[in-house]
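Inspection log for the structure reproduced underneath, given as structure tokens.
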Amino acid sequence: MERPRHQGMTKNTYMRWRLPLVCLLWEVAMIVLFGVFVRFGPEADAHWEEEKREMNLTSDIENDFYFRYPSFQDVHVMIFVGFGFLMTFLKRYGFGAVGFNFLLAAFGIQWALLMQGWFHSFKSGKILVGVENLINADFCVGSVCIAFGAILGKTSPIQLLVMTLFQVTLFAVNEYILLNLLHVKDAGGSMTIHTFGAYFGLTVTRILYRPNLEQSKDKQGSVYHSDLFAMIGTLYLWMYWPSFNSAISEHGDAQHRAAINTYCSLAACVLTTMAFSSMLQKKGKLDMVHIQNATLAGGVAVGTSAEMMLTPYGSLIVGFICGIVSTVGYVYLTPFLESRLHIQDTCGIHNLHAMPGLIGGIVGAITAAAATEDVYGKEGFIKAFDFTGTYQTRTPSVQGGFQAAGIVVSLLMAFAGGALVGVILKLPVWGDAAAENCFEDDVYWEVPEDEESDVYHMHNPDKPASP
Amino acid sequence: MERPRHQGMTKNTYMRWRLPLVCLLWEVAMIVLFGVFVRFGPEADAHWEEEKREMNLTSDIENDFYFRYPSFQDVHVMIFVGFGFLMTFLKRYGFGAVGFNFLLAAFGIQWALLMQGWFHSFKSGKILVGVENLINADFCVGSVCIAFGAILGKTSPIQLLVMTLFQVTLFAVNEYILLNLLHVKDAGGSMTIHTFGAYFGLTVTRILYRPNLEQSKDKQGSVYHSDLFAMIGTLYLWMYWPSFNSAISEHGDAQHRAAINTYCSLAACVLTTMAFSSMLQKKGKLDMVHIQNATLAGGVAVGTSAEMMLTPYGSLIVGFICGIVSTVGYVYLTPFLESRLHIQDTCGIHNLHAMPGLIGGIVGAITAAAATEDVYGKEGFIKAFDFTGTYQTRTPSVQGGFQAAGIVVSLLMAFAGGALVGVILKLPVWGDAAAENCFEDDVYWEVPEDEESDVYHMHNPDKPASP
Amino acid sequence: MERPRHQGMTKNTYMRWRLPLVCLLWEVAMIVLFGVFVRFGPEADAHWEEEKREMNLTSDIENDFYFRYPSFQDVHVMIFVGFGFLMTFLKRYGFGAVGFNFLLAAFGIQWALLMQGWFHSFKSGKILVGVENLINADFCVGSVCIAFGAILGKTSPIQLLVMTLFQVTLFAVNEYILLNLLHVKDAGGSMTIHTFGAYFGLTVTRILYRPNLEQSKDKQGSVYHSDLFAMIGTLYLWMYWPSFNSAISEHGDAQHRAAINTYCSLAACVLTTMAFSSMLQKKGKLDMVHIQNATLAGGVAVGTSAEMMLTPYGSLIVGFICGIVSTVGYVYLTPFLESRLHIQDTCGIHNLHAMPGLIGGIVGAITAAAATEDVYGKEGFIKAFDFTGTYQTRTPSVQGGFQAAGIVVSLLMAFAGGALVGVILKLPVWGDAAAENCFEDDVYWEVPEDEESDVYHMHNPDKPASP
């Protein structure tokens with residue numbers, strides 16, 4: 001960063017024209033592009049009655065809406081309340097956590113509907129949308145929320161909107177390569193969402209490295225009630241993860257199975273997280289950071305394999321391992337990454353999404369490679385891996401190889417994309433705060449002058465009075 | 001108000017006999033009326049097996065329960081957590097916000113089941129209830145929760161119960177006029193719920209005008225954590241609004257379409273709200289009041305048209321406009337209404353429900369008037385507007401006219417009903433607090449003497465110690 | 001308790017090796033047992049296509065997943081957010097409330113899948129699981145969460161894990177006796193979950209009686225914001241209770257009916273709770289403890305009868321009564337139980353679960369005994385009570401008798417089981433805190449040193465500074 005360290009906050013973080021300009025410009029672009037491209041899919045269009053006859057459906061309940069809408073709503077809660085509140089743990093960045101997450105996700109889902117639509121739902125010049133598109137848009141934005149976790153408190157809302165634009169674009173490209181070109185399975189997104197999102201965000205935060213970040217060290221912690229707010233986020237992510245991993249699986253057994261596997265993996269993960277959280281602290285006390293985050297690693301790590309015949313005990317094993325890996329990561333790896341590699345990872349997404357995402361990709365490759373007609377049944381085998389058409393002759397071991405290739409592609413896309421975006425975000429025009437003002441809502445938000453903050457000031461006599 | 005300003009709090013707000021009396025009396029009345037009138041509808045009755053044969057249904061999944069129950073639960077969350085927590089933003093009125101909302105909604109849904117039942121589900125002397133009745137009861141109470149927003153902090157729980165009794169009654173009458181007499185479409189309630197509820201509440205608060213309200217000005221703001229609690233309400237309203245607008249639409253494409261349109265409108269609304277929140281503040285900072293409220297206006301404004309072929313880009317346009325209108329309203333209109341028209345609107349429901357509700361009614365009228373068989377398909381056209389029986393020959397433009405008439409009727413009902421109820425609530429028997437005790441939980445609730453309040457008292461040395 | 005009262009906190013509550021050991025050991029046991037026993041049921045297995053043909057199902061929507069998954073997710077939220085946050089009302093035990101509830105529930109659902117699986121889903125040496133098993137596992141753990149409410153703040157996490165192991169085991173045995181041997185109906189668990197869970201917990205807390213608990217009296221209260229956190233729990237329990245009581249009912253009318261009955265009962269319960277809360281306090285103010293708890297008693301009390309033809313007005317009556325009973329319990333019975341019977345019931349589960357659970361069992365017995373073919377229809381009558389096979393000739397009055405026997409069995413199991421577990425938990429090896437450190441997160445959790453706690457310490461000068 002070339003700008004002087006003690007530059008006045010008011011000067012460089014002034015959002016009054018920049019933020020409205022970006023928001024309005026992009027929203028106008030969305031309206032134009034939606035106007036040109038987006039139409040209702042056959043199951044949401046008023047011609048449904050005719051469609052129903054053509055598809056030989058006897059009942060309205062066969063509309064995809066009824067198969068997927070409850071899961072969609074659960075995923076929606078995960079994106080907005082789950083991620084939003086998970087990041088409220090910081091004592092003075094709750095508005096930014098919830099509010100900026102809200103902003104970037106609301107923009108991201110629109111752009112994702114377009115990008116993913118062009119790749120997957122494009123027919124005769126139009127993108128035809130239905131409930132599955134809404135879920136996929138939420139998924140795509142999930143990867144941006146993950147990346148946001150790494151740079152939480154250190155970026156301006158404009159930077160977040162710029163990042164969202166690029167990341168959603170690259171997400172859609174990466175997803176297309178994996179699902180369509182490599183014919184890889186990844187219903188819960190261990191690779192496309194978590195591995196990609198996390199390494200993307202880590203690359204961005206590496207490039208945006210702030211050497212003086214210890215100046216805002218006092219604001220990087222939590223307070224008692226902010227930790228409870230964060231637990232709201234944690235629990236909604238944890239409870240609804242079975243819906244996340246099953247939301248876009250095939251109708252019937254695949255959705256059912258994905259929910260059960262995820263339920264099991266997450267349950268096991270809680271126990272090993274608690275175990276290692278206590279074990280790795282010399283007083284043996286539990287650390288809320290671990291409980292808030294590492295308990296979720298089990299959901300990430302069955303993201304690829306949940307819809308496969310991973311079986312409940314296989315899921316328990318994956319959850320068992322990930323609770324340990326993730327907690328150990330928080331204790332040992334995060335400080336190491338910060339001090340040695342200059343990766344300042346505010347929420348520890350490396351432990352919650354990056355490593356478990358990689359594990360998830362690998363578990364998926366192994367589970368696919370190990371599939372047999374005996375376990376899946378003749379029809380189930382073909383249906384589970386969509387071994388039809390061009391892929392009629394693909395064998396499980398070949399599928400496993402392609403799954404592994406999907407991990408590598410996701411990683412490369414994340415590093416390249418993150419580097420590109422990091423460099424763009426480093427331009428001194430986006431209005432990010434100085435190091436001593438990081439993790440402080442006061443920079444971009446009207447903050448009520450309340451009792452609490454009186455106390456805060458009282459106990460921090462050297463903090464200048466707010467303007 | 002004739003009573004002296006400094007009258008002791010204990011005297012005029014004493015609830016001990018009045019509140020229990022009202023609660024018990026009304027609940028006994030409910031039991032009697034339910035006993036006389038309410039029975040299970042055919043899909044909830046144990047005779048369902050016979051019913052299934054008669055209706056030629058082959059599976060239990062055809063029970064309306066499975067079409068609507070997930071949406072019902074989302075709506076239920078919006079009423080109790082959404083509205084309840086949205087109103088916790090005040091620093092010392094969180095108990096009242098959540099608790100009184102809980103009380104009035106729990107009473108209101110019972111009375112609504114009866115009122116709406118008599119109008120819409122009355123067969124051979126009995127009201128036959130099913131899941132759709134539950135949704136409609138929640139909808140009806142939603143309009144009371146909206147009105148509550150205008151008078152938040154200034155009324156006693158008894159006043160709220162009285163208002164609920166009258167407002168639910170008038171809601172049901174207005175709804176009957178619109179849906180049955182005018183044959184108007186309003187699945188998400190832009191007119192019946194929002195326009196009616198908001199102008200009703202605004203009229204009530206106008207009549208209850210308190211000239212000395214600035215005496216409790218210090219309690220009308222938020223504190224840091226109360227703003228985060230309010231965001232829980234905001235996000236649940238925002239996330240579940242697609243369920244709200246689609247909950248009672250026709251099975252199949254209409255529900256599907258309503259959810260998609262609402263999703264789009266809400267997404268656009270977030271961006272323009274953020275843009276204008278920053279633009280209208282001279283330091284360019286975002287204001288939580290706008291984020292908590294104006295982001296929801298997009299959901300209100302597609303309440304009538306969401307189930308029509310509004311199309312995703314049409315929804316974006318509506319959301320775009322409403323984010324702006326609502327935010328501008330908070331900045332300029334609310335202070336104007338208070339100072340010039342003596343309308344003290346605690347939560348700014350004029351900006352969140354009244355104006356967007358009107359816009360929603362108008363958008364609905366236009367969308368209906370613009371409908372063609374080409375866009376809807378022959379069958380879809382008839383189904384979407386229920387152009388059968390008496391209405392077989394109604395044209396889209398006539399329908400548009402009736403839709404517009406629905407707005408006018410809702411407004412008139414709201415003003416007349418609000419005036420009546422306002423006058424009743426002005427009677428000096430309901431135990432509302434003096435102006436200097438408004439927005440203060442201590443009046444009606446046992447409030448814990450906690451550290452925080454110690455600090456509060458410490459910093460407010462002239463506040464008398466609590467008894 | 002034999003250990004000296006002022007023993008250092010660090011010594012007897014040191015968890016570093018004990019907690020990890022128990023967590024890891026038990027999770028390894030789960031993996032081994034799941035590996036040996038647990039497999040996917042036919043509707044979650046990849047052989048589903050073949051299954052579908054065999055069962056003559058024409059559509060994937062007939063998969064039980066679509067009948068029950070939305071209810072499952074609601075129940076899941078009740079267990080983790082509902083119970084977890086309901087117990088955050090204590091000013092300094094929020095981490096323990098949410099965190100330990102999370103830990104014990106995550107372990108409990110695994111063990112419940114096994115225990116209940118052996119009794120109910122065991123086929124050719126394997127437990128075949130589907131979404132109904134997940135719901136039942138959550139139900140079972142619900143009874144542990146209830147018992148946790150009685151001992152909240154007074155036990156170590158190891159004690160909770162030990163209790164969970166035993167209580168889940170006994171729950172499954174009791175459930176088997178009731179549902180299979182006595183052929184009793186109890187879909188919402190008035191007997192199996194609430195009566196059993198509550199009296200189990202009360203017996204445990206009686207045996208763990210702490211004569212010096214008044215030493216931590218200052219921490220047994222709430223603060224303003226902790227009461228709001230608790231309301232999140234309350235509202236989610238209240239809103240989703242219709243899902244709870246209908247989650248495992250028969251497809252079709254029974255699920256539909258159970259939801260309606262529960263909705264009605266809960267609505268009535270809110271009004272009588274508010275009435276008596278105000279009436280029983282001499283200043284007539286409402287008490288958050290009552291609102292947080294007694295409003296839920298109506299859901300508990302229709303747990304057995306909700307799926308029967310209780311009818312909406314019958315439900316109102318039950319809710320009416322239970323709001324009164326529960327509130328009166330909080331005001332008069334809890335202090336009595338503590339002072340006379342030495343039952344220290346932190347959350348007042350006697351008022352929320354024990355008494356309403358008993359009422360629920362009785363209401364169920366009466367409703368069953370009063371059943372007629374006229375009311376249910378010939379088919380509906382047989383289906384509702386499963387009067388097939390061995391039970392073909394059972395009459396309603398006999399069924400009522402067996403229902404009543406179910407209450408007695410549940411009580412006996414609860415007393416015997418609670419006594420056994422209480423004695424085990426009294427062993428001085430589990431690391432529970434001294435009386436003066438009860439209700440204090442600091443014992444087992446890393447607590448952030450925040451402003452609030454600075455204030456707290458400031459106001460408690462004799463508390464030693466944290467290390």
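Following the order of the structure tokens, chains are lettered A, B, ..., residues in each are numbered from 1, and ligands are numbered from 1.
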DSSP on the backbone: which residues in region 219-300 of chain C end up as helix (DSSP H, G or I)? Give the answer as an mmCIF file with C-alpha atoms, in the first residue's frame.
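Result file is out-v3.cif:
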```cif
data_model
loop_
_atom_site.group_PDB
_atom_site.id
_atom_site.type_symbol
_atom_site.label_atom_id
_atom_site.label_comp_id
_atom_site.auth_asym_id
_atom_site.auth_seq_id
_atom_site.Cartn_x
_atom_site.Cartn_y
_atom_site.Cartn_z
ATOM 1 C CA LYS C 219 -25.349 -15.445 38.492
ATOM 2 C CA TYR C 224 -31.453 -7.651 29.319
ATOM 3 C CA HIS C 225 -29.839 -9.076 26.204
ATOM 4 C CA SER C 226 -29.631 -12.631 27.518
ATOM 5 C CA ASP C 227 -33.407 -12.546 27.861
ATOM 6 C CA LEU C 228 -33.664 -11.574 24.210
ATOM 7 C CA PHE C 229 -31.359 -14.401 23.170
ATOM 8 C CA ALA C 230 -33.589 -16.759 25.109
ATOM 9 C CA MET C 231 -36.617 -15.463 23.215
ATOM 10 C CA ILE C 232 -35.012 -16.706 19.982
ATOM 11 C CA GLY C 233 -35.124 -20.171 21.485
ATOM 12 C CA THR C 234 -38.668 -19.733 22.742
ATOM 13 C CA LEU C 235 -40.050 -18.519 19.441
ATOM 14 C CA TYR C 236 -38.433 -21.268 17.374
ATOM 15 C CA LEU C 237 -39.793 -23.868 19.733
ATOM 16 C CA TRP C 238 -43.210 -22.251 19.632
ATOM 17 C CA MET C 239 -43.352 -21.783 15.857
ATOM 18 C CA TYR C 240 -42.045 -25.204 14.921
ATOM 19 C CA TRP C 241 -43.964 -27.205 17.517
ATOM 20 C CA PRO C 242 -46.688 -28.041 14.983
ATOM 21 C CA SER C 243 -43.941 -29.714 12.954
ATOM 22 C CA PHE C 244 -42.719 -31.529 16.039
ATOM 23 C CA ASN C 245 -46.082 -33.036 16.881
ATOM 24 C CA SER C 246 -46.826 -33.984 13.276
ATOM 25 C CA ASP C 253 -54.672 -36.344 7.326
ATOM 26 C CA ALA C 254 -52.855 -37.300 10.524
ATOM 27 C CA GLN C 255 -49.893 -35.009 9.864
ATOM 28 C CA HIS C 256 -52.235 -32.276 8.725
ATOM 29 C CA ARG C 257 -54.456 -32.596 11.807
ATOM 30 C CA ALA C 258 -51.560 -32.755 14.258
ATOM 31 C CA ALA C 259 -50.187 -29.475 12.931
ATOM 32 C CA ILE C 260 -53.542 -27.706 13.252
ATOM 33 C CA ASN C 261 -54.228 -28.939 16.766
ATOM 34 C CA THR C 262 -50.801 -27.897 17.952
ATOM 35 C CA TYR C 263 -51.095 -24.476 16.331
ATOM 36 C CA CYS C 264 -54.352 -23.886 18.200
ATOM 37 C CA SER C 265 -53.170 -25.137 21.552
ATOM 38 C CA LEU C 266 -50.058 -22.968 21.454
ATOM 39 C CA ALA C 267 -52.005 -19.861 20.511
ATOM 40 C CA ALA C 268 -54.350 -20.227 23.476
ATOM 41 C CA CYS C 269 -51.454 -20.936 25.803
ATOM 42 C CA VAL C 270 -49.830 -17.565 25.068
ATOM 43 C CA LEU C 271 -52.875 -15.667 26.258
ATOM 44 C CA THR C 272 -53.328 -17.459 29.556
ATOM 45 C CA THR C 273 -49.598 -17.281 30.232
ATOM 46 C CA MET C 274 -49.631 -13.513 29.766
ATOM 47 C CA ALA C 275 -52.769 -13.234 31.890
ATOM 48 C CA PHE C 276 -51.366 -15.172 34.833
ATOM 49 C CA SER C 277 -47.891 -13.715 34.561
ATOM 50 C CA SER C 278 -49.357 -10.282 35.119
ATOM 51 C CA MET C 279 -51.938 -11.409 37.666
ATOM 52 C CA MET C 288 -39.916 -12.908 30.840
ATOM 53 C CA VAL C 289 -39.354 -16.268 32.521
ATOM 54 C CA HIS C 290 -43.025 -17.070 32.048
ATOM 55 C CA ILE C 291 -43.167 -15.790 28.487
ATOM 56 C CA GLN C 292 -40.058 -17.765 27.591
ATOM 57 C CA ASN C 293 -41.366 -21.000 28.997
ATOM 58 C CA ALA C 294 -45.037 -21.296 29.864
ATOM 59 C CA THR C 295 -46.125 -20.218 26.378
ATOM 60 C CA LEU C 296 -44.748 -23.539 25.160
ATOM 61 C CA ALA C 297 -46.680 -25.752 27.556
ATOM 62 C CA GLY C 298 -49.568 -25.984 25.097
ATOM 63 C CA GLY C 299 -47.339 -27.758 22.608
ATOM 64 C CA VAL C 300 -46.188 -30.266 25.194
#
```
Test item: residues at most 8 Å from Phe119 (chain B), only C-alpha atoms, excluding those fewer than 4 positions along its chain, as a PDB file with N, CA, C and O atoms, in the first residue's frame:
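The resulting file, part_28.pdb, is shown below:
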```pdb
ATOM      1  N   MET B 115     -62.966 -15.214  11.668  1.00  0.00           N
ATOM      2  CA  MET B 115     -63.460 -14.191  10.748  1.00  0.00           C
ATOM      3  C   MET B 115     -63.302 -14.622   9.293  1.00  0.00           C
ATOM      4  O   MET B 115     -64.238 -14.559   8.493  1.00  0.00           O
ATOM      5  N   ALA B 172     -60.714  -8.865   7.497  1.00  0.00           N
ATOM      6  CA  ALA B 172     -61.500  -9.935   6.874  1.00  0.00           C
ATOM      7  C   ALA B 172     -62.581  -9.372   5.977  1.00  0.00           C
ATOM      8  O   ALA B 172     -62.841  -9.898   4.884  1.00  0.00           O
ATOM      9  N   TYR B 176     -62.659  -9.798   1.973  1.00  0.00           N
ATOM     10  CA  TYR B 176     -63.835 -10.382   1.316  1.00  0.00           C
ATOM     11  C   TYR B 176     -64.297  -9.499   0.156  1.00  0.00           C
ATOM     12  O   TYR B 176     -64.589  -9.988  -0.939  1.00  0.00           O
TER      13      TYR B 176
END
```
- Task: Apply DSSP to the structure's backbone, then extract all residues of region 83-208 of chain C labelled strand (DSSP E) and return them as a list in words.
- Result: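 Here are the strand (DSSP E) residues of region 83-208 of chain C: Phe122, Lys123, Lys126, Ile127, Leu128 and Val129 of chain C.
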- Task: Do me a favour and pick out the residues of chain C within 8 Å of chain A, using only C-alpha atoms, as an NGL selection string.
- Result: :C and (10 or 14-17 or 19-21 or 23-24 or 27 or 31-32 or 34-35 or 38-40 or 43-49 or 59-61 or 63 or 65-66 or 70 or 73 or 76-77 or 80-81 or 94-95 or 98-99 or 102-103 or 106-107 or 109-110 or 130-131 or 134 or 443-452)
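Distances from C:Ile127, C:Ile366, C:Val184, C:Val22 to Phe387 (chain C) were compared using only C-alpha atoms, and the smallest one belongs to C:Val184.
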- Item | Gap from CA of Leu178 (chain B) to CA of Gly406 (chain B) - Å, one decimal |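 If I compute the distance from CA of Leu178 (chain B) to CA of Gly406 (chain B), I get 5.7 Å.
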